[in-house]
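One file, entry_25.cif, carrying mmCIF, C-alpha atoms:
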data_protein
#
loop_
_atom_site.group_PDB
_atom_site.id
_atom_site.type_symbol
_atom_site.label_atom_id
_atom_site.label_comp_id
_atom_site.auth_asym_id
_atom_site.auth_seq_id
_atom_site.Cartn_x
_atom_site.Cartn_y
_atom_site.Cartn_z
ATOM 1 C CA LEU R 16 0.000 0.000 0.000
ATOM 2 C CA GLY R 17 2.798 2.410 0.757
ATOM 3 C CA GLY R 18 6.086 2.938 2.503
ATOM 4 C CA THR R 19 6.785 1.947 6.085
ATOM 5 C CA PRO R 20 4.842 4.342 8.301
ATOM 6 C CA GLU R 21 6.607 6.841 10.500
ATOM 7 C CA ARG R 22 4.933 7.261 13.852
ATOM 8 C CA GLY R 23 6.036 10.853 14.532
ATOM 9 C CA GLY R 24 4.880 14.197 13.111
ATOM 10 C CA GLY R 25 1.457 15.204 11.909
ATOM 11 C CA THR R 26 -0.995 14.234 9.208
ATOM 12 C CA PRO R 27 -1.792 16.148 6.031
ATOM 13 C CA GLU R 28 -4.862 18.318 5.741
ATOM 14 C CA ARG R 29 -7.911 16.052 5.651
ATOM 15 C CA GLY R 30 -10.311 18.425 4.039
ATOM 16 C CA ALA R 31 -9.678 17.350 0.439
ATOM 17 C CA GLY R 32 -10.509 14.202 -1.472
ATOM 18 C CA CYS R 33 -13.375 11.714 -1.058
ATOM 19 C CA GLY R 34 -15.779 14.415 -2.274
ATOM 20 C CA ASN R 35 -15.813 18.123 -1.575
ATOM 21 C CA GLU R 36 -17.227 17.919 1.914
ATOM 22 C CA SER R 37 -15.240 18.851 5.038
ATOM 23 C CA ARG R 38 -14.368 16.223 7.556
ATOM 24 C CA GLY R 39 -16.926 17.425 10.087
ATOM 25 C CA GLY R 40 -20.425 16.081 10.470
ATOM 26 C CA GLY R 41 -22.393 15.811 7.250
ATOM 27 C CA SER R 42 -25.356 17.868 6.133
ATOM 28 C CA GLU R 43 -27.666 14.898 5.881
ATOM 29 C CA SER R 44 -31.204 14.913 7.205
ATOM 30 C CA ARG R 45 -31.143 14.481 10.938
ATOM 31 C CA GLY R 46 -34.297 13.061 12.406
ATOM 32 C CA GLY R 47 -35.208 13.343 16.026
ATOM 33 C CA GLY R 48 -34.146 10.801 18.599
ATOM 34 C CA CYS R 49 -31.355 8.232 18.597
ATOM 35 C CA ARG R 50 -31.973 4.861 17.100
ATOM 36 C CA GLY R 51 -30.288 1.491 16.859
ATOM 37 C CA ALA R 52 -27.272 1.047 19.111
ATOM 38 C CA LEU R 53 -28.147 4.081 21.205
ATOM 39 C CA ASP R 54 -31.583 2.658 21.929
ATOM 40 C CA THR R 55 -30.215 -0.875 22.385
ATOM 41 C CA PRO R 56 -26.781 -0.456 23.966
ATOM 42 C CA PRO R 57 -24.243 -3.280 24.258
ATOM 43 C CA ARG R 58 -25.015 -5.904 26.839
ATOM 44 C CA GLU R 59 -22.634 -4.438 29.387
ATOM 45 C CA THR R 60 -23.916 -0.896 29.040
ATOM 46 C CA SER R 61 -27.145 0.931 29.723
ATOM 47 C CA LEU R 62 -28.327 4.447 29.040
ATOM 48 C CA SER R 63 -30.144 4.524 32.343
ATOM 49 C CA GLY R 64 -28.053 2.418 34.653
ATOM 50 C CA GLY R 65 -24.349 2.570 33.821
ATOM 51 C CA ARG R 66 -22.398 -0.662 33.462
ATOM 52 C CA ALA R 67 -23.969 -3.915 34.473
ATOM 53 C CA GLY R 68 -20.719 -5.302 35.799
ATOM 54 C CA GLY R 69 -17.055 -6.005 35.197
ATOM 55 C CA GLY R 70 -14.240 -3.561 34.591
ATOM 56 C CA ALA R 71 -13.614 -0.654 36.915
ATOM 57 C CA SER R 72 -15.064 -0.660 40.378
ATOM 58 C CA GLY R 73 -18.102 1.404 41.265
ATOM 59 C CA GLY R 74 -21.859 0.995 41.063
ATOM 60 C CA PRO R 75 -24.207 2.227 38.363
ATOM 61 C CA LEU R 76 -25.515 5.745 38.262
ATOM 62 C CA ARG R 77 -28.780 6.029 40.146
ATOM 63 C CA GLU R 78 -31.587 8.530 39.887
ATOM 64 C CA ILE R 79 -30.824 11.589 41.990
ATOM 65 C CA ARG R 80 -32.136 11.404 45.535
ATOM 66 C CA PRO R 81 -30.608 14.419 47.263
ATOM 67 C CA ALA R 82 -29.915 14.270 50.957
ATOM 68 C CA ALA R 83 -32.565 15.680 53.261
ATOM 69 C CA LYS R 84 -32.472 19.423 53.821
ATOM 70 C CA GLN R 85 -30.001 20.368 56.503
ATOM 71 C CA GLN R 86 -31.142 23.988 56.461
ATOM 72 C CA ASP R 87 -33.680 26.045 54.564
ATOM 73 C CA THR R 88 -33.198 26.557 50.806
ATOM 74 C CA ALA R 89 -32.794 30.308 50.996
ATOM 75 C CA HIS R 90 -29.853 30.058 53.389
ATOM 76 C CA ALA R 91 -28.202 27.230 51.422
ATOM 77 C CA GLY R 92 -28.577 29.140 48.160
ATOM 78 C CA ALA R 93 -26.929 32.174 49.711
ATOM 79 C CA LEU R 94 -23.713 30.304 50.489
ATOM 80 C CA GLU R 95 -20.742 31.763 48.656
ATOM 81 C CA LEU R 96 -18.675 29.494 46.377
ATOM 82 C CA SER R 97 -15.615 30.053 48.522
ATOM 83 C CA GLY R 98 -16.506 28.177 51.674
ATOM 84 C CA GLY R 99 -15.079 25.108 53.351
ATOM 85 C CA ASN R 100 -16.049 21.454 53.138
ATOM 86 C CA GLU R 101 -19.115 21.932 55.347
ATOM 87 C CA ASP R 102 -20.453 24.701 53.086
ATOM 88 C CA TRP R 103 -20.020 22.580 49.950
ATOM 89 C CA LEU R 104 -21.860 19.680 51.568
ATOM 90 C CA LEU R 105 -24.736 21.996 52.493
ATOM 91 C CA LEU R 106 -24.947 23.618 49.065
ATOM 92 C CA MET R 107 -24.787 20.539 46.822
ATOM 93 C CA PRO R 108 -28.216 19.032 47.747
ATOM 94 C CA THR R 109 -29.844 22.378 46.948
ATOM 95 C CA LEU R 110 -28.209 22.455 43.504
ATOM 96 C CA LEU R 111 -29.225 18.864 42.807
ATOM 97 C CA ARG R 112 -32.849 19.597 43.711
ATOM 98 C CA ALA R 113 -32.825 22.624 41.388
ATOM 99 C CA LEU R 114 -31.482 20.443 38.543
ATOM 100 C CA GLN R 115 -34.245 17.876 38.846
ATOM 101 C CA GLY R 116 -36.806 17.693 36.068
ATOM 102 C CA GLY R 117 -39.855 19.892 36.466
ATOM 103 C CA GLN R 118 -37.971 22.875 37.840
ATOM 104 C CA PRO R 119 -38.064 26.180 35.885
ATOM 105 C CA GLU R 120 -35.358 26.333 33.246
ATOM 106 C CA ALA R 121 -33.938 29.563 34.657
ATOM 107 C CA SER R 122 -33.498 27.903 38.063
ATOM 108 C CA GLN R 123 -31.838 24.907 36.444
ATOM 109 C CA ARG R 124 -29.401 27.111 34.516
ATOM 110 C CA GLU R 125 -28.506 29.051 37.657
ATOM 111 C CA ALA R 126 -27.864 25.808 39.549
ATOM 112 C CA LEU R 127 -25.796 24.492 36.646
ATOM 113 C CA VAL R 128 -23.593 27.605 36.658
ATOM 114 C CA LYS R 129 -23.007 27.223 40.411
ATOM 115 C CA LEU R 130 -22.210 23.525 40.009
ATOM 116 C CA HIS R 131 -19.741 24.378 37.239
ATOM 117 C CA LYS R 132 -18.012 26.895 39.525
ATOM 118 C CA MET R 133 -17.851 24.244 42.220
ATOM 119 C CA VAL R 134 -16.202 21.835 39.775
ATOM 120 C CA LEU R 135 -13.520 24.438 39.079
ATOM 121 C CA VAL R 136 -12.772 25.598 42.639
ATOM 122 C CA VAL R 137 -13.354 22.580 44.895
ATOM 123 C CA ARG R 138 -10.430 20.154 44.999
ATOM 124 C CA PRO R 139 -11.149 16.716 43.436
ATOM 125 C CA GLY R 140 -10.684 14.864 46.720
ATOM 126 C CA ALA R 141 -13.110 17.008 48.715
ATOM 127 C CA PRO R 142 -15.828 15.201 50.758
ATOM 128 C CA VAL R 143 -18.600 16.780 48.664
ATOM 129 C CA TRP R 144 -17.459 14.773 45.633
ATOM 130 C CA ASP R 145 -17.098 11.559 47.608
ATOM 131 C CA ARG R 146 -20.708 11.909 48.743
ATOM 132 C CA HIS R 147 -22.410 13.429 45.705
ATOM 133 C CA TRP R 148 -20.254 12.669 42.622
ATOM 134 C CA GLU R 149 -22.560 10.274 40.796
ATOM 135 C CA HIS R 150 -25.623 12.417 41.558
ATOM 136 C CA ALA R 151 -23.862 15.502 40.203
ATOM 137 C CA LEU R 152 -22.709 13.599 37.110
ATOM 138 C CA GLU R 153 -26.207 12.301 36.400
ATOM 139 C CA ALA R 154 -27.684 15.780 36.822
ATOM 140 C CA VAL R 155 -25.211 17.228 34.309
ATOM 141 C CA LEU R 156 -25.811 14.391 31.834
ATOM 142 C CA ARG R 157 -29.561 15.038 32.006
ATOM 143 C CA ALA R 158 -28.923 18.718 31.292
ATOM 144 C CA VAL R 159 -26.672 17.771 28.354
ATOM 145 C CA GLN R 160 -29.639 15.939 26.815
ATOM 146 C CA HIS R 161 -32.038 18.856 27.396
ATOM 147 C CA GLU R 162 -33.999 19.873 24.310
ATOM 148 C CA GLY R 163 -32.773 23.475 24.395
ATOM 149 C CA ASP R 164 -29.293 24.828 23.616
ATOM 150 C CA ALA R 165 -29.594 27.276 26.519
ATOM 151 C CA MET R 166 -29.243 24.289 28.867
ATOM 152 C CA ARG R 167 -27.061 22.068 26.705
ATOM 153 C CA GLU R 168 -24.259 24.607 26.219
ATOM 154 C CA PRO R 169 -23.531 25.275 29.938
ATOM 155 C CA ALA R 170 -24.054 21.586 30.715
ATOM 156 C CA LEU R 171 -21.418 20.546 28.156
ATOM 157 C CA ALA R 172 -19.030 23.211 29.446
ATOM 158 C CA CYS R 173 -19.499 21.867 32.972
ATOM 159 C CA LEU R 174 -19.054 18.248 31.856
ATOM 160 C CA LYS R 175 -15.827 19.031 29.995
ATOM 161 C CA ASP R 176 -14.342 20.594 33.115
ATOM 162 C CA MET R 177 -15.501 17.589 35.139
ATOM 163 C CA LEU R 178 -13.608 15.373 32.680
ATOM 164 C CA ARG R 179 -10.505 17.559 32.961
ATOM 165 C CA THR R 180 -10.428 17.954 36.740
ATOM 166 C CA HIS R 181 -12.039 14.713 37.973
ATOM 167 C CA SER R 182 -10.813 12.210 35.376
ATOM 168 C CA GLY R 183 -10.226 9.526 37.996
ATOM 169 C CA ARG R 184 -13.916 9.423 38.926
ATOM 170 C CA PHE R 185 -15.159 8.502 35.437
ATOM 171 C CA GLY R 186 -13.681 5.000 35.330
ATOM 172 C CA ALA R 187 -16.779 3.311 36.743
ATOM 173 C CA PHE R 188 -19.086 5.097 34.290
ATOM 174 C CA THR R 189 -17.160 5.064 30.971
ATOM 175 C CA GLU R 190 -19.760 3.245 28.879
ATOM 176 C CA HIS R 191 -22.684 5.068 30.465
ATOM 177 C CA VAL R 192 -21.240 8.528 29.797
ATOM 178 C CA LEU R 193 -20.063 7.588 26.278
ATOM 179 C CA LEU R 194 -23.536 6.455 25.237
ATOM 180 C CA ARG R 195 -25.233 9.470 26.806
ATOM 181 C CA LEU R 196 -22.837 11.830 25.001
ATOM 182 C CA LEU R 197 -23.365 10.058 21.672
ATOM 183 C CA ALA R 198 -27.117 10.444 22.124
ATOM 184 C CA ALA R 199 -26.651 14.120 23.005
ATOM 185 C CA ALA R 200 -24.415 14.708 19.976
ATOM 186 C CA HIS R 201 -27.095 13.193 17.764
ATOM 187 C CA ALA R 202 -29.835 15.331 19.298
ATOM 188 C CA CYS R 203 -27.923 18.607 18.976
ATOM 189 C CA ALA R 204 -26.498 17.922 15.493
ATOM 190 C CA PRO R 205 -28.439 20.812 13.862
ATOM 191 C CA SER R 206 -26.589 23.258 16.139
ATOM 192 C CA ARG R 207 -22.980 23.214 14.899
ATOM 193 C CA GLU R 208 -21.463 24.878 17.976
ATOM 194 C CA VAL R 209 -23.223 22.613 20.445
ATOM 195 C CA ALA R 210 -22.471 19.527 18.343
ATOM 196 C CA ALA R 211 -18.787 20.520 18.247
ATOM 197 C CA SER R 212 -18.810 20.950 22.025
ATOM 198 C CA ALA R 213 -20.373 17.497 22.447
ATOM 199 C CA GLU R 214 -17.685 15.972 20.205
ATOM 200 C CA GLU R 215 -14.980 17.715 22.242
ATOM 201 C CA ALA R 216 -16.460 16.191 25.401
ATOM 202 C CA LEU R 217 -16.442 12.763 23.735
ATOM 203 C CA GLU R 218 -12.787 13.167 22.780
ATOM 204 C CA LEU R 219 -11.922 14.165 26.354
ATOM 205 C CA LEU R 220 -13.733 11.082 27.657
ATOM 206 C CA LEU R 221 -11.853 8.818 25.242
ATOM 207 C CA SER R 222 -8.521 10.374 26.231
ATOM 208 C CA ILE R 223 -8.975 9.401 29.899
ATOM 209 C CA SER R 224 -10.665 6.018 29.358
ATOM 210 C CA ASP R 225 -9.615 2.450 28.592
ATOM 211 C CA PRO R 226 -9.617 2.205 24.762
ATOM 212 C CA HIS R 227 -10.866 -1.398 24.844
ATOM 213 C CA ARG R 228 -13.993 -0.385 26.752
ATOM 214 C CA CYS R 229 -14.622 2.541 24.395
ATOM 215 C CA ILE R 230 -14.207 0.383 21.281
ATOM 216 C CA ALA R 231 -16.685 -2.122 22.729
ATOM 217 C CA VAL R 232 -19.289 0.663 22.802
ATOM 218 C CA LEU R 233 -18.446 2.190 19.401
ATOM 219 C CA VAL R 234 -18.511 -0.986 17.275
ATOM 220 C CA PRO R 235 -22.275 -1.582 17.793
ATOM 221 C CA VAL R 236 -22.876 2.102 17.015
ATOM 222 C CA LEU R 237 -21.107 1.645 13.658
ATOM 223 C CA VAL R 238 -23.323 -1.341 12.946
ATOM 224 C CA ASN R 239 -26.657 0.243 13.851
ATOM 225 C CA GLU R 240 -26.508 4.022 13.545
ATOM 226 C CA PRO R 241 -27.124 6.188 10.457
ATOM 227 C CA PRO R 242 -25.364 9.495 9.728
ATOM 228 C CA PRO R 243 -24.434 11.805 11.367
ATOM 229 C CA THR R 244 -23.867 9.563 14.397
ATOM 230 C CA LEU R 245 -22.188 6.993 12.152
ATOM 231 C CA GLN R 246 -19.354 9.239 10.973
ATOM 232 C CA LEU R 247 -18.911 10.630 14.485
ATOM 233 C CA ALA R 248 -18.433 7.108 15.837
ATOM 234 C CA ILE R 249 -15.923 6.353 13.061
ATOM 235 C CA ARG R 250 -13.967 9.521 13.849
ATOM 236 C CA LEU R 251 -13.876 8.570 17.526
ATOM 237 C CA GLN R 252 -12.698 5.080 16.628
ATOM 238 C CA SER R 253 -9.880 6.643 14.580
ATOM 239 C CA LYS R 254 -8.717 8.511 17.670
ATOM 240 C CA LEU R 255 -8.570 5.271 19.648
ATOM 241 C CA VAL R 256 -6.647 3.237 17.054
ATOM 242 C CA GLY R 257 -3.293 4.853 17.827
ATOM 243 C CA ARG R 258 -3.547 3.875 21.493
ATOM 244 C CA PHE R 259 -3.333 0.145 20.703
ATOM 245 C CA SER R 260 -0.137 -1.791 20.174
ATOM 246 C CA GLN R 261 0.283 -3.676 16.884
ATOM 247 C CA LEU R 262 -0.551 -6.962 18.586
ATOM 248 C CA GLN R 263 -3.650 -5.545 20.271
ATOM 249 C CA LEU R 264 -4.939 -3.926 17.085
ATOM 250 C CA LEU R 265 -4.368 -7.065 15.006
ATOM 251 C CA SER R 266 -6.349 -9.089 17.533
ATOM 252 C CA ILE R 267 -9.441 -6.861 17.263
ATOM 253 C CA LEU R 268 -9.397 -6.274 13.476
ATOM 254 C CA PRO R 269 -12.043 -8.995 12.934
ATOM 255 C CA GLN R 270 -14.439 -6.893 15.031
ATOM 256 C CA LEU R 271 -13.405 -3.482 13.670
ATOM 257 C CA LEU R 272 -13.151 -4.008 9.915
ATOM 258 C CA PRO R 273 -16.548 -5.491 8.885
ATOM 259 C CA PRO R 274 -18.559 -2.461 10.123
ATOM 260 C CA LEU R 275 -16.012 -0.106 8.522
ATOM 261 C CA PHE R 276 -16.192 -1.913 5.179
ATOM 262 C CA GLU R 277 -19.987 -1.737 5.291
ATOM 263 C CA ALA R 278 -19.828 1.988 6.077
ATOM 264 C CA PHE R 279 -17.471 2.408 3.094
ATOM 265 C CA LYS R 280 -20.500 1.677 0.871
ATOM 266 C CA ASN R 281 -22.596 4.419 2.505
ATOM 267 C CA ALA R 282 -24.225 6.959 0.190
ATOM 268 C CA HIS R 283 -22.905 9.889 2.261
ATOM 269 C CA ALA R 284 -19.434 11.094 1.286
ATOM 270 C CA ASP R 285 -18.646 12.214 4.856
ATOM 271 C CA VAL R 286 -19.106 8.641 6.072
ATOM 272 C CA ARG R 287 -16.856 7.198 3.341
ATOM 273 C CA LYS R 288 -14.231 9.845 4.069
ATOM 274 C CA ALA R 289 -14.250 8.996 7.786
ATOM 275 C CA VAL R 290 -13.712 5.322 6.895
ATOM 276 C CA VAL R 291 -10.699 6.176 4.715
ATOM 277 C CA PHE R 292 -9.086 8.201 7.493
ATOM 278 C CA CYS R 293 -9.726 5.417 10.019
ATOM 279 C CA LEU R 294 -8.058 2.858 7.745
ATOM 280 C CA VAL R 295 -5.109 5.222 7.270
ATOM 281 C CA ASP R 296 -4.761 5.516 11.053
ATOM 282 C CA MET R 297 -4.771 1.713 11.285
ATOM 283 C CA TYR R 298 -2.031 1.540 8.654
ATOM 284 C CA LEU R 299 0.098 3.971 10.654
ATOM 285 C CA VAL R 300 0.044 1.438 13.498
ATOM 286 C CA LEU R 301 0.228 -1.824 11.523
ATOM 287 C CA GLY R 302 2.051 -0.926 8.310
ATOM 288 C CA GLU R 303 1.900 -3.652 5.648
ATOM 289 C CA GLN R 304 0.360 -6.048 8.170
ATOM 290 C CA LEU R 305 -2.939 -4.340 7.384
ATOM 291 C CA THR R 306 -2.781 -4.956 3.614
ATOM 292 C CA PRO R 307 -4.038 -8.590 3.581
ATOM 293 C CA HIS R 308 -7.074 -7.521 5.605
ATOM 294 C CA LEU R 309 -8.109 -5.031 2.897
ATOM 295 C CA ALA R 310 -8.514 -7.686 0.208
ATOM 296 C CA THR R 311 -12.307 -7.457 0.230
ATOM 297 C CA LEU R 312 -12.302 -3.779 -0.783
ATOM 298 C CA SER R 313 -13.086 -2.889 -4.374
ATOM 299 C CA THR R 314 -10.312 -1.701 -6.670
ATOM 300 C CA ALA R 315 -11.550 1.894 -6.437
ATOM 301 C CA GLN R 316 -11.794 1.764 -2.639
ATOM 302 C CA LEU R 317 -8.342 0.249 -2.275
ATOM 303 C CA LYS R 318 -6.883 2.856 -4.631
ATOM 304 C CA LEU R 319 -8.427 5.664 -2.561
ATOM 305 C CA VAL R 320 -7.084 4.243 0.700
ATOM 306 C CA THR R 321 -3.640 3.789 -0.877
ATOM 307 C CA ILE R 322 -3.558 7.407 -2.072
ATOM 308 C CA TYR R 323 -4.269 8.710 1.413
ATOM 309 C CA ILE R 324 -1.799 6.323 3.041
ATOM 310 C CA ASN R 325 0.919 7.550 0.687
ATOM 311 C CA LYS R 326 0.006 11.198 1.318
ATOM 312 C CA THR R 327 0.099 10.704 5.069
ATOM 313 C CA THR R 328 3.359 8.768 5.215
ATOM 314 C CA LYS R 329 5.055 11.240 2.837
ATOM 315 C CA ALA R 330 3.907 14.217 4.903
ATOM 316 C CA ARG R 331 5.273 12.600 8.058
ATOM 317 C CA ALA R 332 8.575 11.767 6.403
ATOM 318 C CA ASP R 333 8.903 15.347 5.145
ATOM 319 C CA ARG R 334 8.302 16.674 8.639
ATOM 320 C CA LEU R 335 11.005 14.419 10.063
ATOM 321 C CA ASP R 336 13.472 15.471 7.324
ATOM 322 C CA ALA R 337 12.756 19.174 7.665
ATOM 323 C CA PRO R 338 15.597 21.091 9.376
ATOM 324 C CA HIS R 339 14.806 22.232 12.914
ATOM 325 C CA ILE R 340 15.369 25.935 13.443
#
Encoded form using structure tokens:
Amino acid sequence: LGGTPERGGGTPERGAGCGNESRGGGSESRGGGCRGALDTPPRETSLSGGRAGGGASGGPLREIRPAAKQQDTAHAGALELSGGNEDWLLLMPTLLRALQGGQPEASQREALVKLHKMVLVVRPGAPVWDRHWEHALEAVLRAVQHEGDAMREPALACLKDMLRTHSGRFGAFTEHVLLRLLAAAHACAPSREVAASAEEALELLLSISDPHRCIAVLVPVLVNEPPPTLQLAIRLQSKLVGRFSQLQLLSILPQLLPPLFEAFKNAHADVRKAVVFCLVDMYLVLGEQLTPHLATLSTAQLKLVTIYINKTTKARADRLDAPHI
């Protein structure tokens, strides 16, 4: 297919070829609601209950049941976001109650802003997180899936900072959060800015999570979901490929390649383009070991993949050869 891949450097611009579309989400019709894999998650995952078992320790996310009031709401709401551990523990139940369904949207947004500030200023090991982490996470995930951008935007901003500052607490909920974010990305696809924010949150989640667990969620999505969720899942899979060793990636190719080859036949150019880039990323890990596995591609498909492999490897070689100033 091409020369031996170099693992350093960058990749060439991916905006050209495979049609005139950009690499972002396509402009296809986007119906309401998630279907397929997002409605029927893998056996070990659930949109409403986290992981059924195995993997990292920790129980499933439960519906929020805030602790009983320890003081009246007005006093708790007046607490400044600069207090000690006792103040945080008093304030959190009030915020969780405000974020429950049925509350006015303005009250929910105000509570979400305060929770976001708490995420930024309260140290990750504080008692408030030990006691209320999964309730806070579930409340933010519900807000991420709100029907209005006015709630989704601050919720995604809060979630991204939770991923950055509390990465160690997501291990028990990887599949749950991944599926909820995929569903949210599907729902907010018509809003480019919100969809981009949802994809950024997904990339952050992948960067702190076990790639094997993430792949186990994404493969059924590739099988069952239409665009634009389909190309998003392929792009996310591309980002995971480089985190596997050659031996690991070779062992899971029988699960990864059939859905990709099927997606390569999709009528949408953005989907086909995402497949090409994913195969290129696989080649950068495996080199010529990938070639025998591409035998089922058509001549035109194989030629397209080969062109992009050669472009990528040449660009990386040029970067390595360029003099450093």
Box time for segment 229-233 of chain R: axis-aligned, enclosing all its listed atoms, 6 Å extra on each side; report centre and edge lengths in Å to one decimal, as JSON.
{"center_x": -16.7, "center_y": 0.2, "center_z": 21.9, "size_x": 17.1, "size_y": 16.7, "size_z": 17.0}
Nearest to Leu317 of chain R: which of R:Ala170, R:Val290, R:Leu301, R:Leu110 is it, counting all atoms listed in the file? R:Val290
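For Ser224 of chain R, the residues within 12 Å (counting only C-alpha atoms, excluding itself and residues fewer than 2 positions away along the chain) are Gly70, Ala71, Leu178, Ser182, Gly183, Arg184, Phe185, Gly186, Ala187, Phe188, Thr189, Glu190, Val192, Leu193, Leu217, Glu218, Leu219, Leu220, Leu221, Ser222, Pro226, His227, Arg228, Cys229, Ile230, Leu255 and Arg258 of chain R.
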For the residues in the current selection, export C-alpha atoms as a PDB file, in the coordinates of the input.
ATOM      1  CA  GLY R  70     -14.240  -3.561  34.591  1.00  0.00           C
ATOM      2  CA  ALA R  71     -13.614  -0.654  36.915  1.00  0.00           C
ATOM      3  CA  LEU R 178     -13.608  15.373  32.680  1.00  0.00           C
ATOM      4  CA  SER R 182     -10.813  12.210  35.376  1.00  0.00           C
ATOM      5  CA  GLY R 183     -10.226   9.526  37.996  1.00  0.00           C
ATOM      6  CA  ARG R 184     -13.916   9.423  38.926  1.00  0.00           C
ATOM      7  CA  PHE R 185     -15.159   8.502  35.437  1.00  0.00           C
ATOM      8  CA  GLY R 186     -13.681   5.000  35.330  1.00  0.00           C
ATOM      9  CA  ALA R 187     -16.779   3.311  36.743  1.00  0.00           C
ATOM     10  CA  PHE R 188     -19.086   5.097  34.290  1.00  0.00           C
ATOM     11  CA  THR R 189     -17.160   5.064  30.971  1.00  0.00           C
ATOM     12  CA  GLU R 190     -19.760   3.245  28.879  1.00  0.00           C
ATOM     13  CA  VAL R 192     -21.240   8.528  29.797  1.00  0.00           C
ATOM     14  CA  LEU R 193     -20.063   7.588  26.278  1.00  0.00           C
ATOM     15  CA  LEU R 217     -16.442  12.763  23.735  1.00  0.00           C
ATOM     16  CA  GLU R 218     -12.787  13.167  22.780  1.00  0.00           C
ATOM     17  CA  LEU R 219     -11.922  14.165  26.354  1.00  0.00           C
ATOM     18  CA  LEU R 220     -13.733  11.082  27.657  1.00  0.00           C
ATOM     19  CA  LEU R 221     -11.853   8.818  25.242  1.00  0.00           C
ATOM     20  CA  SER R 222      -8.521  10.374  26.231  1.00  0.00           C
ATOM     21  CA  PRO R 226      -9.617   2.205  24.762  1.00  0.00           C
ATOM     22  CA  HIS R 227     -10.866  -1.398  24.844  1.00  0.00           C
ATOM     23  CA  ARG R 228     -13.993  -0.385  26.752  1.00  0.00           C
ATOM     24  CA  CYS R 229     -14.622   2.541  24.395  1.00  0.00           C
ATOM     25  CA  ILE R 230     -14.207   0.383  21.281  1.00  0.00           C
ATOM     26  CA  LEU R 255      -8.570   5.271  19.648  1.00  0.00           C
ATOM     27  CA  ARG R 258      -3.547   3.875  21.493  1.00  0.00           C
TER      28      ARG R 258
END
May I have the residues within 9 Å of His147 of chain R as a PyMOL selection string, using all atoms listed in the file and disregarding those fewer than 3 positions away in the same chain? chain R and resi 81+104+107-108+142-144+150-152
Target residues per the PyMOL selection byres ((chain R and resi 210) around 10), formatted as a PyMOL selection string: chain R and resi 40+167-168+171+199-209+211-216
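Interatomic distance, atom CA of Arg287 of chain R to atom CA of Thr306 of chain R: 18.6 Å.
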So that I can check the surroundings of Ala126 of chain R, please list as a PyMOL selection string every protein, DNA and RNA residue that reaches within 10 Å of it, counting only C-alpha atoms and ignoring chain neighbours fewer than 5 positions away. chain R and resi 92+107+109-114+120-121+131-132
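Using only C-alpha atoms, the smallest distance between any of R:Gln115, R:Ser313, R:Thr327, R:Ser260 and Lys280 of chain R comes from R:Ser313.
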Run through the PyMOL selection byres ((chain R and resi 133) around 12) on the given coordinates and return the selected residues as a short mmCIF file (atom, residue, chain, number, x, y, z; two decimals) with C-alpha atoms, in the coordinates of the input.
data_model
loop_
_atom_site.label_atom_id
_atom_site.label_comp_id
_atom_site.auth_asym_id
_atom_site.auth_seq_id
_atom_site.Cartn_x
_atom_site.Cartn_y
_atom_site.Cartn_z
CA LEU R 94 -23.71 30.30 50.49
CA GLU R 95 -20.74 31.76 48.66
CA LEU R 96 -18.68 29.49 46.38
CA SER R 97 -15.62 30.05 48.52
CA GLY R 98 -16.51 28.18 51.67
CA GLY R 99 -15.08 25.11 53.35
CA ASN R 100 -16.05 21.45 53.14
CA ASP R 102 -20.45 24.70 53.09
CA TRP R 103 -20.02 22.58 49.95
CA LEU R 104 -21.86 19.68 51.57
CA LEU R 106 -24.95 23.62 49.06
CA MET R 107 -24.79 20.54 46.82
CA LEU R 110 -28.21 22.46 43.50
CA ALA R 126 -27.86 25.81 39.55
CA LEU R 127 -25.80 24.49 36.65
CA VAL R 128 -23.59 27.60 36.66
CA LYS R 129 -23.01 27.22 40.41
CA LEU R 130 -22.21 23.52 40.01
CA HIS R 131 -19.74 24.38 37.24
CA LYS R 132 -18.01 26.90 39.52
CA VAL R 134 -16.20 21.84 39.78
CA LEU R 135 -13.52 24.44 39.08
CA VAL R 136 -12.77 25.60 42.64
CA VAL R 137 -13.35 22.58 44.90
CA ARG R 138 -10.43 20.15 45.00
CA PRO R 139 -11.15 16.72 43.44
CA ALA R 141 -13.11 17.01 48.72
CA VAL R 143 -18.60 16.78 48.66
CA TRP R 144 -17.46 14.77 45.63
CA TRP R 148 -20.25 12.67 42.62
CA ALA R 151 -23.86 15.50 40.20
CA CYS R 173 -19.50 21.87 32.97
CA ASP R 176 -14.34 20.59 33.12
CA MET R 177 -15.50 17.59 35.14
CA THR R 180 -10.43 17.95 36.74
CA HIS R 181 -12.04 14.71 37.97
#
Taking the point (-5.6, 12.0, 15.1) as given in the file, collect each protein or nucleic acid residue that comes within 10 Å of it, counting only C-alpha atoms, and present the set as a PDB file with C-alpha atoms, in the frame of the given file.
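The resulting file, out.pdb, is shown below:
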ATOM      1  CA  GLY R  25       1.457  15.204  11.909  1.00  0.00           C
ATOM      2  CA  THR R  26      -0.995  14.234   9.208  1.00  0.00           C
ATOM      3  CA  ARG R 250     -13.967   9.521  13.849  1.00  0.00           C
ATOM      4  CA  LEU R 251     -13.876   8.570  17.526  1.00  0.00           C
ATOM      5  CA  SER R 253      -9.880   6.643  14.580  1.00  0.00           C
ATOM      6  CA  LYS R 254      -8.717   8.511  17.670  1.00  0.00           C
ATOM      7  CA  LEU R 255      -8.570   5.271  19.648  1.00  0.00           C
ATOM      8  CA  VAL R 256      -6.647   3.237  17.054  1.00  0.00           C
ATOM      9  CA  GLY R 257      -3.293   4.853  17.827  1.00  0.00           C
ATOM     10  CA  PHE R 292      -9.086   8.201   7.493  1.00  0.00           C
ATOM     11  CA  CYS R 293      -9.726   5.417  10.019  1.00  0.00           C
ATOM     12  CA  ASP R 296      -4.761   5.516  11.053  1.00  0.00           C
TER      13      ASP R 296
END
